[in-house]
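Structure file structure32.cif; described as mmCIF, C-alpha atoms, pLDDT in the B column; chains and numbers go by the auth columns.
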```
data_run
#
loop_
_atom_site.group_PDB
_atom_site.id
_atom_site.type_symbol
_atom_site.label_atom_id
_atom_site.label_comp_id
_atom_site.label_asym_id
_atom_site.label_seq_id
_atom_site.Cartn_x
_atom_site.Cartn_y
_atom_site.Cartn_z
_atom_site.B_iso_or_equiv
_atom_site.auth_seq_id
_atom_site.auth_asym_id
ATOM 1 C CA MET A 1 -70.981 -122.781 -44.236 45.00 1 A
ATOM 2 C CA SER A 2 -67.447 -123.881 -43.299 44.00 2 A
ATOM 3 C CA ALA A 3 -65.293 -124.985 -46.186 42.00 3 A
ATOM 4 C CA THR A 4 -62.640 -126.286 -43.787 41.00 4 A
ATOM 5 C CA SER A 5 -65.079 -128.518 -41.914 43.00 5 A
ATOM 6 C CA ILE A 6 -66.243 -130.066 -45.166 44.00 6 A
ATOM 7 C CA THR A 7 -62.629 -130.808 -46.067 42.00 7 A
ATOM 8 C CA HIS A 8 -62.127 -132.631 -42.765 43.00 8 A
ATOM 9 C CA ALA A 9 -65.402 -134.495 -43.270 45.00 9 A
ATOM 10 C CA ALA A 10 -64.122 -135.746 -46.598 43.00 10 A
ATOM 11 C CA GLY A 11 -61.151 -137.263 -44.819 42.00 11 A
ATOM 12 C CA THR A 12 -58.545 -135.955 -47.224 42.00 12 A
ATOM 13 C CA GLY A 13 -55.330 -133.990 -46.867 39.00 13 A
ATOM 14 C CA THR A 14 -54.688 -130.670 -48.524 36.00 14 A
ATOM 15 C CA GLY A 15 -50.921 -130.537 -48.625 38.00 15 A
ATOM 16 C CA PRO A 16 -48.669 -131.830 -51.372 35.00 16 A
ATOM 17 C CA ALA A 17 -46.960 -135.171 -50.895 36.00 17 A
ATOM 18 C CA THR A 18 -43.403 -134.777 -49.614 35.00 18 A
ATOM 19 C CA GLY A 19 -40.704 -137.077 -48.345 36.00 19 A
ATOM 20 C CA PRO A 20 -37.260 -138.453 -49.148 37.00 20 A
ATOM 21 C CA GLY A 21 -36.443 -141.085 -51.668 40.00 21 A
ATOM 22 C CA PRO A 22 -35.944 -141.411 -55.404 37.00 22 A
ATOM 23 C CA GLY A 23 -38.849 -140.788 -57.739 40.00 23 A
ATOM 24 C CA VAL A 24 -40.739 -138.551 -55.327 36.00 24 A
ATOM 25 C CA GLY A 25 -40.176 -135.415 -57.406 38.00 25 A
ATOM 26 C CA VAL A 26 -41.516 -137.086 -60.546 34.00 26 A
ATOM 27 C CA GLY A 27 -44.626 -138.292 -58.688 40.00 27 A
ATOM 28 C CA ALA A 28 -45.254 -134.841 -57.271 39.00 28 A
ATOM 29 C CA SER A 29 -44.917 -133.289 -60.720 34.00 29 A
ATOM 30 C CA ARG A 30 -47.426 -135.733 -62.150 40.00 30 A
ATOM 31 C CA GLN A 31 -49.767 -135.017 -59.243 44.00 31 A
ATOM 32 C CA ARG A 32 -49.563 -131.270 -59.934 43.00 32 A
ATOM 33 C CA ALA A 33 -50.168 -131.873 -63.640 38.00 33 A
ATOM 34 C CA ARG A 34 -53.395 -133.743 -62.825 66.00 34 A
ATOM 35 C CA ARG A 35 -54.750 -131.081 -60.502 82.00 35 A
ATOM 36 C CA VAL A 36 -58.121 -129.670 -61.469 87.00 36 A
ATOM 37 C CA PRO A 37 -57.963 -125.952 -62.305 91.00 37 A
ATOM 38 C CA VAL A 38 -59.214 -124.079 -59.283 93.00 38 A
ATOM 39 C CA LEU A 39 -61.857 -122.162 -61.220 93.00 39 A
ATOM 40 C CA TRP A 40 -63.533 -125.445 -62.168 94.00 40 A
ATOM 41 C CA LEU A 41 -63.505 -126.525 -58.520 95.00 41 A
ATOM 42 C CA THR A 42 -64.955 -123.163 -57.528 95.00 42 A
ATOM 43 C CA LEU A 43 -67.728 -123.508 -60.089 95.00 43 A
ATOM 44 C CA LEU A 44 -68.418 -127.025 -58.825 95.00 44 A
ATOM 45 C CA ALA A 45 -68.687 -126.073 -55.158 94.00 45 A
ATOM 46 C CA THR A 46 -69.941 -122.528 -54.765 94.00 46 A
ATOM 47 C CA PRO A 47 -73.358 -122.404 -56.525 95.00 47 A
ATOM 48 C CA VAL A 48 -74.809 -124.262 -53.536 94.00 48 A
ATOM 49 C CA ALA A 49 -74.178 -121.153 -51.422 94.00 49 A
ATOM 50 C CA ALA A 50 -76.278 -119.026 -53.777 94.00 50 A
ATOM 51 C CA GLY A 51 -78.924 -121.738 -53.957 92.00 51 A
ATOM 52 C CA ALA A 52 -79.194 -121.901 -50.192 93.00 52 A
ATOM 53 C CA ASN A 53 -79.936 -118.169 -49.843 92.00 53 A
ATOM 54 C CA ALA A 54 -81.869 -117.552 -53.068 94.00 54 A
ATOM 55 C CA PRO A 55 -85.362 -118.003 -51.520 94.00 55 A
ATOM 56 C CA VAL A 56 -84.850 -115.544 -48.657 91.00 56 A
ATOM 57 C CA LEU A 57 -86.497 -112.502 -50.324 93.00 57 A
ATOM 58 C CA ILE A 58 -89.076 -114.344 -52.432 94.00 58 A
ATOM 59 C CA LEU A 59 -90.938 -116.443 -49.852 94.00 59 A
ATOM 60 C CA ASP A 60 -94.176 -114.516 -50.489 93.00 60 A
ATOM 61 C CA ASP A 61 -94.056 -115.290 -54.227 92.00 61 A
ATOM 62 C CA MET A 62 -93.307 -118.934 -53.532 94.00 62 A
ATOM 63 C CA GLY A 63 -96.153 -119.212 -51.046 93.00 63 A
ATOM 64 C CA ARG A 64 -98.691 -117.639 -53.405 93.00 64 A
ATOM 65 C CA SER A 65 -97.642 -119.871 -56.280 92.00 65 A
ATOM 66 C CA LEU A 66 -97.900 -123.034 -54.186 92.00 66 A
ATOM 67 C CA GLY A 67 -101.089 -121.941 -52.423 91.00 67 A
ATOM 68 C CA VAL A 68 -99.574 -121.888 -48.926 93.00 68 A
ATOM 69 C CA ARG A 69 -98.703 -119.273 -46.335 94.00 69 A
ATOM 70 C CA THR A 70 -95.306 -117.581 -46.338 92.00 70 A
ATOM 71 C CA ALA A 71 -94.391 -119.345 -43.092 90.00 71 A
ATOM 72 C CA THR A 72 -95.118 -122.693 -44.737 92.00 72 A
ATOM 73 C CA ALA A 73 -93.104 -121.776 -47.817 92.00 73 A
ATOM 74 C CA ALA A 74 -90.163 -121.112 -45.494 92.00 74 A
ATOM 75 C CA TRP A 75 -89.849 -124.885 -45.138 92.00 75 A
ATOM 76 C CA LEU A 76 -88.118 -124.778 -48.520 93.00 76 A
ATOM 77 C CA VAL A 77 -85.251 -122.987 -46.778 92.00 77 A
ATOM 78 C CA THR A 78 -85.328 -125.388 -43.819 91.00 78 A
ATOM 79 C CA ALA A 79 -85.353 -128.468 -46.057 93.00 79 A
ATOM 80 C CA PHE A 80 -82.262 -127.236 -47.872 95.00 80 A
ATOM 81 C CA ALA A 81 -80.400 -126.587 -44.613 92.00 81 A
ATOM 82 C CA TRP A 82 -81.401 -129.978 -43.210 93.00 82 A
ATOM 83 C CA ALA A 83 -80.360 -131.928 -46.314 95.00 83 A
ATOM 84 C CA LEU A 84 -77.075 -130.028 -46.582 94.00 84 A
ATOM 85 C CA SER A 85 -76.257 -130.752 -42.935 90.00 85 A
ATOM 86 C CA VAL A 86 -77.093 -134.440 -43.197 91.00 86 A
ATOM 87 C CA GLY A 87 -75.784 -134.887 -46.719 93.00 87 A
ATOM 88 C CA THR A 88 -72.314 -133.472 -46.085 91.00 88 A
ATOM 89 C CA PRO A 89 -71.002 -136.309 -43.843 89.00 89 A
ATOM 90 C CA LEU A 90 -72.900 -138.962 -45.809 91.00 90 A
ATOM 91 C CA LEU A 91 -71.591 -137.888 -49.224 93.00 91 A
ATOM 92 C CA ALA A 92 -68.121 -137.348 -47.769 90.00 92 A
ATOM 93 C CA THR A 93 -68.258 -140.939 -46.503 89.00 93 A
ATOM 94 C CA LEU A 94 -69.259 -142.085 -49.979 91.00 94 A
ATOM 95 C CA LEU A 95 -66.273 -140.158 -51.349 92.00 95 A
ATOM 96 C CA ARG A 96 -63.908 -141.807 -48.897 88.00 96 A
ATOM 97 C CA ARG A 97 -65.251 -145.318 -49.471 88.00 97 A
ATOM 98 C CA ARG A 98 -65.991 -145.274 -53.219 88.00 98 A
ATOM 99 C CA GLY A 99 -63.788 -142.476 -54.501 90.00 99 A
ATOM 100 C CA ALA A 100 -64.317 -138.973 -55.836 92.00 100 A
ATOM 101 C CA ARG A 101 -65.659 -140.125 -59.198 93.00 101 A
ATOM 102 C CA THR A 102 -68.618 -141.955 -57.634 93.00 102 A
ATOM 103 C CA ALA A 103 -69.342 -139.115 -55.209 94.00 103 A
ATOM 104 C CA LEU A 104 -69.212 -136.617 -58.082 96.00 104 A
ATOM 105 C CA ARG A 105 -71.694 -138.598 -60.166 96.00 105 A
ATOM 106 C CA VAL A 106 -74.083 -139.175 -57.264 97.00 106 A
ATOM 107 C CA GLY A 107 -73.933 -135.507 -56.276 97.00 107 A
ATOM 108 C CA ALA A 108 -74.551 -134.354 -59.843 97.00 108 A
ATOM 109 C CA ALA A 109 -77.489 -136.754 -60.242 98.00 109 A
ATOM 110 C CA LEU A 110 -79.082 -135.496 -57.023 97.00 110 A
ATOM 111 C CA VAL A 111 -78.679 -131.866 -58.037 97.00 111 A
ATOM 112 C CA LEU A 112 -80.137 -132.502 -61.488 97.00 112 A
ATOM 113 C CA GLY A 113 -83.012 -134.674 -60.256 97.00 113 A
ATOM 114 C CA GLY A 114 -83.864 -132.276 -57.437 96.00 114 A
ATOM 115 C CA THR A 115 -83.861 -129.305 -59.791 96.00 115 A
ATOM 116 C CA VAL A 116 -86.168 -131.046 -62.258 96.00 116 A
ATOM 117 C CA ALA A 117 -88.545 -131.962 -59.416 95.00 117 A
ATOM 118 C CA LEU A 118 -88.809 -128.469 -57.959 92.00 118 A
ATOM 119 C CA VAL A 119 -89.106 -126.792 -61.370 92.00 119 A
ATOM 120 C CA ALA A 120 -91.921 -129.096 -62.491 92.00 120 A
ATOM 121 C CA SER A 121 -93.757 -129.696 -59.201 89.00 121 A
ATOM 122 C CA PRO A 122 -97.035 -127.869 -58.499 89.00 122 A
ATOM 123 C CA TRP A 123 -97.155 -129.204 -54.918 91.00 123 A
ATOM 124 C CA LEU A 124 -95.166 -128.170 -51.877 93.00 124 A
ATOM 125 C CA PRO A 125 -94.256 -131.726 -50.697 93.00 125 A
ATOM 126 C CA LEU A 126 -92.639 -132.668 -54.013 94.00 126 A
ATOM 127 C CA THR A 127 -90.949 -129.274 -54.166 94.00 127 A
ATOM 128 C CA LEU A 128 -89.500 -129.943 -50.694 95.00 128 A
ATOM 129 C CA VAL A 129 -88.173 -133.307 -51.868 96.00 129 A
ATOM 130 C CA GLY A 130 -86.523 -131.656 -54.859 96.00 130 A
ATOM 131 C CA ARG A 131 -85.029 -128.960 -52.673 96.00 131 A
ATOM 132 C CA ALA A 132 -83.596 -131.547 -50.275 96.00 132 A
ATOM 133 C CA ALA A 133 -82.138 -133.576 -53.149 97.00 133 A
ATOM 134 C CA GLN A 134 -80.494 -130.430 -54.500 96.00 134 A
ATOM 135 C CA ALA A 135 -78.856 -129.733 -51.156 96.00 135 A
ATOM 136 C CA ALA A 136 -77.644 -133.297 -50.620 96.00 136 A
ATOM 137 C CA GLY A 137 -76.173 -133.339 -54.118 97.00 137 A
ATOM 138 C CA GLY A 138 -74.564 -129.963 -53.529 96.00 138 A
ATOM 139 C CA ALA A 139 -72.964 -131.340 -50.369 96.00 139 A
ATOM 140 C CA GLY A 140 -71.424 -134.114 -52.447 96.00 140 A
ATOM 141 C CA LEU A 141 -70.072 -131.675 -55.019 96.00 141 A
ATOM 142 C CA ILE A 142 -68.548 -129.554 -52.257 96.00 142 A
ATOM 143 C CA ALA A 143 -66.895 -132.589 -50.684 95.00 143 A
ATOM 144 C CA VAL A 144 -65.403 -133.605 -54.030 95.00 144 A
ATOM 145 C CA ALA A 145 -64.110 -130.094 -54.715 95.00 145 A
ATOM 146 C CA MET A 146 -62.488 -129.871 -51.287 93.00 146 A
ATOM 147 C CA SER A 147 -60.883 -133.296 -51.640 92.00 147 A
ATOM 148 C CA LEU A 148 -59.214 -132.158 -54.873 92.00 148 A
ATOM 149 C CA VAL A 149 -58.235 -128.661 -53.783 90.00 149 A
ATOM 150 C CA GLY A 150 -54.576 -129.477 -53.066 85.00 150 A
ATOM 151 C CA ASP A 151 -53.359 -126.476 -51.033 88.00 151 A
ATOM 152 C CA ALA A 152 -54.472 -123.598 -48.828 90.00 152 A
ATOM 153 C CA ARG A 153 -54.229 -120.954 -51.549 92.00 153 A
ATOM 154 C CA ARG A 154 -56.661 -122.833 -53.801 93.00 154 A
ATOM 155 C CA MET A 155 -58.946 -123.477 -50.851 92.00 155 A
ATOM 156 C CA GLY A 156 -58.958 -119.730 -50.225 93.00 156 A
ATOM 157 C CA VAL A 157 -60.289 -119.136 -53.732 93.00 157 A
ATOM 158 C CA ILE A 158 -63.174 -121.551 -53.144 93.00 158 A
ATOM 159 C CA SER A 159 -63.905 -120.119 -49.693 92.00 159 A
ATOM 160 C CA ALA A 160 -64.038 -116.629 -51.161 94.00 160 A
ATOM 161 C CA GLY A 161 -66.487 -117.904 -53.763 93.00 161 A
ATOM 162 C CA PHE A 162 -68.695 -119.306 -50.989 92.00 162 A
ATOM 163 C CA GLY A 163 -68.735 -115.935 -49.265 93.00 163 A
ATOM 164 C CA MET A 164 -69.494 -113.900 -52.365 94.00 164 A
ATOM 165 C CA LEU A 165 -72.236 -116.145 -53.741 93.00 165 A
ATOM 166 C CA GLY A 166 -73.741 -116.697 -50.321 92.00 166 A
ATOM 167 C CA ALA A 167 -73.976 -112.945 -49.742 94.00 167 A
ATOM 168 C CA SER A 168 -75.384 -112.246 -53.208 93.00 168 A
ATOM 169 C CA GLY A 169 -77.795 -115.206 -53.141 93.00 169 A
ATOM 170 C CA PRO A 170 -80.872 -113.302 -51.837 94.00 170 A
ATOM 171 C CA LEU A 171 -80.511 -110.494 -54.397 95.00 171 A
ATOM 172 C CA LEU A 172 -79.805 -112.985 -57.172 94.00 172 A
ATOM 173 C CA GLY A 173 -82.908 -114.931 -56.211 94.00 173 A
ATOM 174 C CA GLU A 174 -85.030 -111.782 -56.207 95.00 174 A
ATOM 175 C CA ARG A 175 -83.773 -110.709 -59.638 95.00 175 A
ATOM 176 C CA LEU A 176 -84.348 -114.143 -61.160 95.00 176 A
ATOM 177 C CA SER A 177 -87.808 -114.292 -59.621 94.00 177 A
ATOM 178 C CA ASP A 178 -88.733 -110.914 -61.113 94.00 178 A
ATOM 179 C CA ALA A 179 -87.242 -111.677 -64.526 95.00 179 A
ATOM 180 C CA VAL A 180 -88.239 -115.340 -64.926 94.00 180 A
ATOM 181 C CA SER A 181 -89.814 -117.169 -61.982 93.00 181 A
ATOM 182 C CA TRP A 182 -89.100 -118.086 -58.379 94.00 182 A
ATOM 183 C CA ARG A 183 -88.448 -121.599 -59.666 94.00 183 A
ATOM 184 C CA ALA A 184 -85.532 -120.257 -61.707 94.00 184 A
ATOM 185 C CA ALA A 185 -84.133 -118.741 -58.515 94.00 185 A
ATOM 186 C CA LEU A 186 -84.290 -122.110 -56.762 94.00 186 A
ATOM 187 C CA ALA A 187 -82.648 -123.806 -59.750 95.00 187 A
ATOM 188 C CA VAL A 188 -79.423 -121.766 -59.537 94.00 188 A
ATOM 189 C CA SER A 189 -77.521 -124.709 -57.991 94.00 189 A
ATOM 190 C CA VAL A 190 -77.694 -126.551 -61.312 95.00 190 A
ATOM 191 C CA VAL A 191 -74.995 -124.212 -62.669 96.00 191 A
ATOM 192 C CA ALA A 192 -72.477 -126.374 -60.784 96.00 192 A
ATOM 193 C CA LEU A 193 -73.085 -129.204 -63.256 97.00 193 A
ATOM 194 C CA LEU A 194 -71.195 -127.245 -65.914 97.00 194 A
ATOM 195 C CA ALA A 195 -67.982 -128.115 -64.055 96.00 195 A
ATOM 196 C CA VAL A 196 -68.655 -131.855 -63.694 96.00 196 A
ATOM 197 C CA PRO A 197 -67.100 -133.064 -67.002 95.00 197 A
ATOM 198 C CA ALA A 198 -63.931 -131.006 -66.511 94.00 198 A
ATOM 199 C CA VAL A 199 -63.504 -132.156 -62.913 95.00 199 A
ATOM 200 C CA GLU A 200 -64.188 -135.815 -63.685 94.00 200 A
ATOM 201 C CA ARG A 201 -61.425 -135.890 -66.303 91.00 201 A
ATOM 202 C CA HIS A 202 -58.859 -135.128 -63.595 88.00 202 A
ATOM 203 C CA ILE A 203 -60.021 -137.666 -60.992 88.00 203 A
ATOM 204 C CA PRO A 204 -57.727 -140.696 -60.659 78.00 204 A
ATOM 205 C CA THR A 205 -59.239 -144.141 -60.161 75.00 205 A
ATOM 206 C CA ALA A 206 -58.992 -145.227 -56.518 69.00 206 A
ATOM 207 C CA PRO A 207 -59.728 -148.625 -54.935 70.00 207 A
ATOM 208 C CA PRO A 208 -62.748 -148.718 -52.572 67.00 208 A
ATOM 209 C CA ALA A 209 -62.019 -148.350 -48.866 70.00 209 A
ATOM 210 C CA GLU A 210 -62.445 -151.274 -46.512 67.00 210 A
ATOM 211 C CA GLY A 211 -64.924 -151.432 -43.658 70.00 211 A
ATOM 212 C CA ARG A 212 -68.680 -151.250 -43.204 78.00 212 A
ATOM 213 C CA PHE A 213 -70.863 -148.177 -43.507 80.00 213 A
ATOM 214 C CA ASP A 214 -71.811 -146.812 -40.088 85.00 214 A
ATOM 215 C CA THR A 215 -75.601 -146.957 -40.424 86.00 215 A
ATOM 216 C CA ARG A 216 -76.326 -146.405 -36.724 90.00 216 A
ATOM 217 C CA GLY A 217 -74.038 -143.398 -36.514 89.00 217 A
ATOM 218 C CA SER A 218 -75.581 -141.914 -39.647 88.00 218 A
ATOM 219 C CA LEU A 219 -79.125 -142.275 -38.284 90.00 219 A
ATOM 220 C CA LEU A 220 -78.130 -140.714 -34.964 92.00 220 A
ATOM 221 C CA LEU A 221 -76.441 -137.820 -36.745 89.00 221 A
ATOM 222 C CA ALA A 222 -79.522 -137.267 -38.919 89.00 222 A
ATOM 223 C CA THR A 223 -81.726 -137.286 -35.805 92.00 223 A
ATOM 224 C CA LEU A 224 -79.487 -134.753 -34.076 92.00 224 A
ATOM 225 C CA VAL A 225 -79.469 -132.405 -37.071 89.00 225 A
ATOM 226 C CA THR A 226 -83.231 -132.716 -37.485 90.00 226 A
ATOM 227 C CA GLY A 227 -83.818 -131.916 -33.808 91.00 227 A
ATOM 228 C CA VAL A 228 -81.619 -128.827 -33.917 91.00 228 A
ATOM 229 C CA ILE A 229 -83.194 -127.496 -37.120 87.00 229 A
ATOM 230 C CA LEU A 230 -86.742 -128.031 -35.802 87.00 230 A
ATOM 231 C CA LEU A 231 -86.094 -126.276 -32.480 88.00 231 A
ATOM 232 C CA PRO A 232 -87.800 -122.984 -33.510 86.00 232 A
ATOM 233 C CA SER A 233 -91.000 -124.682 -34.689 82.00 233 A
ATOM 234 C CA CYS A 234 -91.324 -127.625 -32.243 86.00 234 A
ATOM 235 C CA PRO A 235 -89.196 -126.675 -29.211 90.00 235 A
ATOM 236 C CA LEU A 236 -89.920 -129.462 -26.714 91.00 236 A
ATOM 237 C CA PRO A 237 -90.008 -132.524 -29.023 90.00 237 A
ATOM 238 C CA ALA A 238 -87.071 -131.239 -31.048 91.00 238 A
ATOM 239 C CA ALA A 239 -84.991 -130.506 -27.946 93.00 239 A
ATOM 240 C CA GLY A 240 -85.733 -133.946 -26.527 93.00 240 A
ATOM 241 C CA ALA A 241 -84.767 -135.650 -29.770 93.00 241 A
ATOM 242 C CA ALA A 242 -81.583 -133.568 -30.080 93.00 242 A
ATOM 243 C CA VAL A 243 -80.472 -134.286 -26.497 95.00 243 A
ATOM 244 C CA ALA A 244 -81.191 -138.005 -26.806 95.00 244 A
ATOM 245 C CA ALA A 245 -79.389 -138.204 -30.144 94.00 245 A
ATOM 246 C CA THR A 246 -76.393 -136.307 -28.717 95.00 246 A
ATOM 247 C CA VAL A 247 -76.023 -138.719 -25.801 96.00 247 A
ATOM 248 C CA LEU A 248 -76.443 -141.813 -27.959 95.00 248 A
ATOM 249 C CA LEU A 249 -74.106 -140.455 -30.631 94.00 249 A
ATOM 250 C CA ALA A 250 -71.418 -139.684 -28.034 94.00 250 A
ATOM 251 C CA LEU A 251 -71.654 -143.226 -26.691 95.00 251 A
ATOM 252 C CA HIS A 252 -71.588 -144.641 -30.206 94.00 252 A
ATOM 253 C CA ILE A 253 -68.494 -142.641 -31.147 92.00 253 A
ATOM 254 C CA ARG A 254 -66.679 -143.911 -28.059 92.00 254 A
ATOM 255 C CA ARG A 255 -67.362 -147.473 -29.183 90.00 255 A
ATOM 256 C CA ARG A 256 -66.654 -146.756 -32.839 86.00 256 A
ATOM 257 C CA PRO A 257 -64.464 -143.660 -33.290 80.00 257 A
#
```
Go ahead and render the structure in this file as structure tokens.
Amino acid sequence: MSATSITHAAGTGTGPATGPGPGVGVGASRQRARRVPVLWLTLLATPVAAGANAPVLILDDMGRSLGVRTATAAWLVTAFAWALSVGTPLLATLLRRRGARTALRVGAALVLGGTVALVASPWLPLTLVGRAAQAAGGAGLIAVAMSLVGDARRMGVISAGFGMLGASGPLLGERLSDAVSWRAALAVSVVALLAVPAVERHIPTAPPAEGRFDTRGSLLLATLVTGVILLPSCPLPAAGAAVAATVLLALHIRRRP
């Protein structure tokens, strides 16, 4: 997972405001005073990395509990990857158009709702929906954290958190599965919600951006991501869909950058 790419998707700068003129120093000082402590941003963004990798070593347990084969249970990993890939540009667009506060609340609601669904669901389809909601919400929380990061040093702290939690995710998932349940392992992303109140207090109110939401571009992007992710299981249909979506998306971007 690339922290830098998510920052660019959010459409925000990471450097401090500079420039000549009176009053600039006071504004910069106020901006620094409002900055969210980096540990809160790290807590907001990085649990999604552990949540993404938590099921890797416990697919057998998940399959037995849900009454499906291990290969079928692996769709819980695929659903998370798909929703994270699609959700990142969509939630970053919401952030840019409606502000960080709205994106934070939507992301938190998706993470909470998805976690409740997968913890309570006895059926694989509903569990997949909960897993996808978790990932989409996590993408929104990541986009918000990156939009508020402020400088490269603070971004480095968050990126290091991604690496550490992503690497420890499989072992964490296995330990939680042994000690509690595999559902507890899949619920690890909900830890990010502990940071939501602290982060929200530091978010300034911003006017909504102008312009229409690019529905066609979003659908084409979702089709492309879906085709790429389904390549191992459905090679020919997935490849055809991915190629067609790539061509149409390239043409669409030329018309609407």
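The space separating atom CA of Val243 of chain A from atom CA of Val86 of chain A comes to 17.0 Å.
Look at everything within 10 Å of (-75.0, -121.3, -57.0) using all atoms listed in the file, and the residues you get are Leu43, Leu44, Ala45, Thr46, Pro47, Val48, Ala49, Ala50, Gly51, Ala52, Asn53, Ala54, Gly138, Gly161, Phe162, Leu165, Gly166, Ser168, Gly169, Leu172, Ala185, Leu186, Ala187, Val188, Ser189, Val190, Val191 and Ala192 of chain A.
The nearest approach to Leu249 of chain A among the residues A:Leu95, A:Leu221, A:Leu231, A:Leu194, with all atoms listed in the file taken into account, belongs to A:Leu221.
Residues surrounding Thr215 of chain A within 12 Å are Leu90, Thr93, Leu219, Leu220, Leu221, Ala222, Leu249, His252 and Arg256 of chain A [all atoms listed in the file; sequence separation below 4 positions excluded].
Of note, atom CA of Thr223 of chain A and atom CA of Leu126 of chain A are spaced 21.7 Å apart.
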**Message:** Please list, as number ranges by chain, the residues that have an atom at most 12 Å away from (-88.0, -124.3, -46.0) in the coordinates of this file, counting only C-alpha atoms.
**Reply:** A: 52-56, 58-59, 62-63, 69-83, 124-125, 127-132, 135, 186, 229-230, 233
Residues from last step as file, C-alpha atoms, as a short mmCIF file (atom, residue, chain, number, x, y, z; two decimals), keeping the file's coordinate frame:
```
data_model
loop_
_atom_site.label_atom_id
_atom_site.label_comp_id
_atom_site.auth_asym_id
_atom_site.auth_seq_id
_atom_site.Cartn_x
_atom_site.Cartn_y
_atom_site.Cartn_z
CA ALA A 52 -79.19 -121.90 -50.19
CA ASN A 53 -79.94 -118.17 -49.84
CA ALA A 54 -81.87 -117.55 -53.07
CA PRO A 55 -85.36 -118.00 -51.52
CA VAL A 56 -84.85 -115.54 -48.66
CA ILE A 58 -89.08 -114.34 -52.43
CA LEU A 59 -90.94 -116.44 -49.85
CA MET A 62 -93.31 -118.93 -53.53
CA GLY A 63 -96.15 -119.21 -51.05
CA ARG A 69 -98.70 -119.27 -46.34
CA THR A 70 -95.31 -117.58 -46.34
CA ALA A 71 -94.39 -119.34 -43.09
CA THR A 72 -95.12 -122.69 -44.74
CA ALA A 73 -93.10 -121.78 -47.82
CA ALA A 74 -90.16 -121.11 -45.49
CA TRP A 75 -89.85 -124.88 -45.14
CA LEU A 76 -88.12 -124.78 -48.52
CA VAL A 77 -85.25 -122.99 -46.78
CA THR A 78 -85.33 -125.39 -43.82
CA ALA A 79 -85.35 -128.47 -46.06
CA PHE A 80 -82.26 -127.24 -47.87
CA ALA A 81 -80.40 -126.59 -44.61
CA TRP A 82 -81.40 -129.98 -43.21
CA ALA A 83 -80.36 -131.93 -46.31
CA LEU A 124 -95.17 -128.17 -51.88
CA PRO A 125 -94.26 -131.73 -50.70
CA THR A 127 -90.95 -129.27 -54.17
CA LEU A 128 -89.50 -129.94 -50.69
CA VAL A 129 -88.17 -133.31 -51.87
CA GLY A 130 -86.52 -131.66 -54.86
CA ARG A 131 -85.03 -128.96 -52.67
CA ALA A 132 -83.60 -131.55 -50.28
CA ALA A 135 -78.86 -129.73 -51.16
CA LEU A 186 -84.29 -122.11 -56.76
CA ILE A 229 -83.19 -127.50 -37.12
CA LEU A 230 -86.74 -128.03 -35.80
CA SER A 233 -91.00 -124.68 -34.69
#
```
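For Asp61 of chain A, the residues within 9 Å (counting all atoms listed in the file, excluding itself and residues fewer than 4 positions away along the chain) are Leu57, Ser65, Leu66, Thr70, Ser177 and Trp182 of chain A.
In this structure, atom CA of Gly156 of chain A sits 24.8 Å away from atom CA of Arg105 of chain A.
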Closest-contact table, segment 137-161 of chain A side, partner segment 197-204 of chain A, 10 Å, counting only C-alpha atoms, as CSV:
```
residue,atom,partner,partner_atom,distance
A:Val144,CA,A:Val199,CA,9.2
A:Ala145,CA,A:Val199,CA,8.5
A:Leu148,CA,A:Ile203,CA,8.3
```
**Request:** Compile the contact shell of Ala109 of chain A as number ranges by chain: residues with an atom at most 12 Å away, counting only C-alpha atoms, same-chain residues fewer than 6 positions apart removed.
**Result:** A: 102-103, 115-116, 130, 133-138, 140-141, 190, 192-193, 196
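Of the listed residues A:Gly217, A:Gly87, A:Gly163, A:Gly150, the one whose atoms come nearest to Val38 of chain A is A:Gly150, with distances taken using only C-alpha atoms.
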**Message:** Starting from the PyMOL selection byres ((chain A and resi 98) around 12), expand the selection into actual residues of this file and give them as a PyMOL selection string.
**Reply:** chain A and resi 10+90-97+99-106+144+205-213
